[in-house]
Amino acid sequence: MAGETPRKGSVFAWQGVSYCINKGKTSKRILQDISGELNSGELCAIIGPSGSGKTSLLNILAGRIQSKGSVREVTGNIQLDAQPLVGVALRKRIAYVKQEDLMTATYTPREAMLFSATLRLPRSMPLADKKAKVEKMLEDLGLLGCADTYCGDDMLRGISGGEKKRTCIGIELVMDPKLVFLDEPTSGLDSFSAYSVVKQLDQLSSTEGCNVLCTIHQPSSEVFHLFHKVIALIPGNRLFFGSVSELSEKMSTCGYGCPNEYNLADHVMFLIQTKPHNELLELANRMDSGVQPALQEDDAKAPLSKQEAAAGFFGQLKALSVREFLGLWRNKPALIASVIIPAVLNFFFAMIFFQVGDINADNYDAQSHFGGMTQVAIGGMFGAAQPLLLRFPLDRGIFLREYATGTYGAAPYFISKSMVEIPQAFLNGAIVWLVSYWMMALNGNFFIYVLVFALSGTAAASTALLVGCLASNP
């Protein structure tokens with residue numbers, strides 16, 4: 001908010017970052033000897049053509065790409081406040097916003113941010129303080145007008161693309177990160193929405209004291225000049241690192257000045273894509289700002305402040321169960337379909353096998369009796385399995401993002417789903433047998449039928465969920 005004293009920030013530095021992929025006898029150098037440094041509250045853009053290594057650099061700096069045997073080799077020194085960017089304690093100090101807007105469709109921006117704050121901020125912080133923090137974030141990001149509107153997706157109408165992007169940013173910033181990474185935060189936005197998003201990042205970085213790095217593709221002139229620093233990449237190498245004004249001055253000094261009324265970012269991108277690689281390397285040497293990151297040796301590292309524990313197992317389970325229940329309750333078309341479809345389907349089954357279980361009938365046939373029960377059971381098992389077959393592949397991105405940031409563990413996530421789905425299986429069983437039990441003149445205890453049906457449906461649903469977890473996409 002206006003008038004607040006900026007929070008003490010951090011120093012983020014990296015030196016000699018290189019990235020190589022080896023496949024058999026061939027190898028490909030993605031990045032070579034990239035260095036840089038950001039001080040408290042700086043907003044930095046990473047620009048370059050496709051294939052120049054923008055996203056790779058962002059992911060390496062965020063610790064999302066690391067060496068993997070002889071296949072993937074990452075070298076260099078990356079430090080946050082003089083500490084290597086490794087380990088759970090340091091990873092929890094960084095936020096990462098992916099290009100895709102991955103959010104629960106039936107949650108509102110206020111609920112999504114409060115979910116993040118509840119599970120990621122210290123458990124000793126009162127809930128009232130967490131709610132106040134969320135309200136401040138909504139205000140800072142200009143989201144108060146849509147704070148109680150569903151985030152939405154392709155099937156459920158919700159907030160706009162720009163509002164989704166700012167909500168994703170707020171979900172990460174609410175936990176007070178020292179470092180924020182964003183992959184293409186303006187992708188898919190119109191020019192004003194893109195400007196609004198970057199302007200909010202500029203204000204938040206200055207107020208909160210966190211450093212912000214983001215890859216950006218073809219920024220407008222207004223957007224580009226909001227950044228404090230810029231990293232311009234040519235395939236495999238760094239062309240320039242420094243302020244936007246320094247980029248303009250050095251381009252002019254080297255004879256590649258940006259013409260009047262041209263966009264500086266577009267001008268640099270055009271040069272990178274049209275000039276020979278050797279000429280670009282020579283230009284990079286002439287523009288070299290001589291960045292010497294403030295890295296410290298092992299014996300001179302600053303002590304790492306201890307972080308308070310966030311929500312425990314039961315806190316995670318409670319928050320996840322509430323989210324699962326609201327997701328089921330608020331998706332009215334899916335909820336109605338889960339009741340209507342089995343009722344109608346089993347009505348037709350009951351008509352086909354009408355009074356098949358009447359053992360006193362003259363035309364009673366045990367095989368038909370068995371066939372009718374089997375048809376209902378198989379229909380119930382497929383009905384329970386099919387919705388869950390795509391459930392996890394569709395939610396995979398959300399789970400991976402939240403799990404990677406330590407929001408919750410895998411156990412409470414899957415237990416919360418079971419706590420919502422098992423009662424739904426019993427309800428489904430009750431609906432099925434209310435429709436078919438008496439029409440088919442079946443024998444035995446009605447509640448035993450419901451219990452067996454629910455348990456077999458749960459087993460089928462669990463198998464479908466397992467198969468869904470093995471798939472990387474729908």
# chains A, B, ... in the order shown; residues from 1 in each chain; ligands from 1
>>> residues_around(residues="Cys469 (chain A)", least_positions_apart="3", cutoff="10 Å", atoms="only C-alpha atoms", output="PyMOL selection string")
chain A and resi 389-393+396+463-466+472-473
>>> select_by_dssp(residues="region 88-293 of chain A", states="strand (DSSP E or B)", output="PyMOL selection string")
chain A and resi 94-97+179-183+211-215+229-234+236-242
>>> atom_distance(atom1="CA of Leu455 (chain A)", atom2="CA of Trp438 (chain A)")
21.2 Å
>>> closest_residue(among="A:Ile169, A:Ile34, A:Ala95, A:Met125", to="Asn211 (chain A)", atoms="only C-alpha atoms")
A:Ala95
>>> closest_atom_pairs(of="region 167-272 of chain A", to="region 407-416 of chain A", cutoff="12 Å", atoms="only C-alpha atoms", output="tab-separated table")
residue	atom	partner	partner_atom	distance
A:Ile171	CA	A:Thr407	CA	10.9
A:Glu172	CA	A:Thr407	CA	10.5
A:Met175	CA	A:Thr407	CA	10.3
>>> decode(residues="region 247-297 of chain A", atoms="C-alpha atoms", output="compact mmCIF listing (two decimals), in the first residue's frame")
# COMPACT_ATOMS: atom_id res chain seq x y z
CA LEU A 247 21.03 -1.06 -23.56
CA SER A 248 19.90 1.89 -25.67
CA GLU A 249 23.14 3.80 -25.07
CA LYS A 250 25.44 0.86 -25.85
CA MET A 251 23.52 -0.07 -28.96
CA SER A 252 24.01 3.47 -30.19
CA THR A 253 27.70 3.51 -29.23
CA CYS A 254 28.26 0.29 -31.20
CA GLY A 255 26.52 1.66 -34.29
CA TYR A 256 23.22 -0.17 -33.87
CA GLY A 257 21.15 2.62 -32.36
CA CYS A 258 17.38 2.26 -32.25
CA PRO A 259 15.71 4.64 -34.77
CA ASN A 260 13.24 7.20 -33.47
CA GLU A 261 9.68 5.92 -33.00
CA TYR A 262 10.93 2.31 -33.03
CA ASN A 263 10.38 -0.13 -30.17
CA LEU A 264 13.78 -0.81 -28.56
CA ALA A 265 12.87 -4.43 -27.70
CA ASP A 266 11.70 -5.13 -31.26
CA HIS A 267 14.84 -3.45 -32.62
CA VAL A 268 17.11 -5.71 -30.53
CA MET A 269 15.12 -8.83 -31.46
CA PHE A 270 15.33 -7.92 -35.16
CA LEU A 271 19.11 -7.54 -34.96
CA ILE A 272 19.51 -10.87 -33.15
CA GLN A 273 17.48 -12.66 -35.81
CA THR A 274 19.07 -11.04 -38.86
CA LYS A 275 22.77 -10.61 -38.03
CA PRO A 276 25.29 -13.46 -38.33
CA HIS A 277 26.13 -15.25 -35.09
CA ASN A 278 29.81 -14.21 -35.20
CA GLU A 279 28.80 -10.56 -35.58
CA LEU A 280 26.46 -10.89 -32.60
CA LEU A 281 29.22 -12.41 -30.47
CA GLU A 282 31.49 -9.50 -31.38
CA LEU A 283 28.69 -7.06 -30.48
CA ALA A 284 28.23 -8.85 -27.16
CA ASN A 285 31.93 -8.38 -26.34
CA ARG A 286 31.73 -4.68 -27.16
CA MET A 287 28.58 -4.24 -25.05
CA ASP A 288 29.85 -6.32 -22.13
CA SER A 289 29.07 -4.44 -18.94
CA GLY A 290 31.61 -6.45 -16.96
CA VAL A 291 29.07 -7.79 -14.48
CA GLN A 292 30.79 -9.26 -11.42
CA PRO A 293 28.11 -10.92 -9.26
CA ALA A 294 28.46 -10.53 -5.49
CA LEU A 295 29.12 -14.21 -4.79
CA GLN A 296 30.60 -15.36 -1.49
CA GLU A 297 32.90 -18.26 -0.73
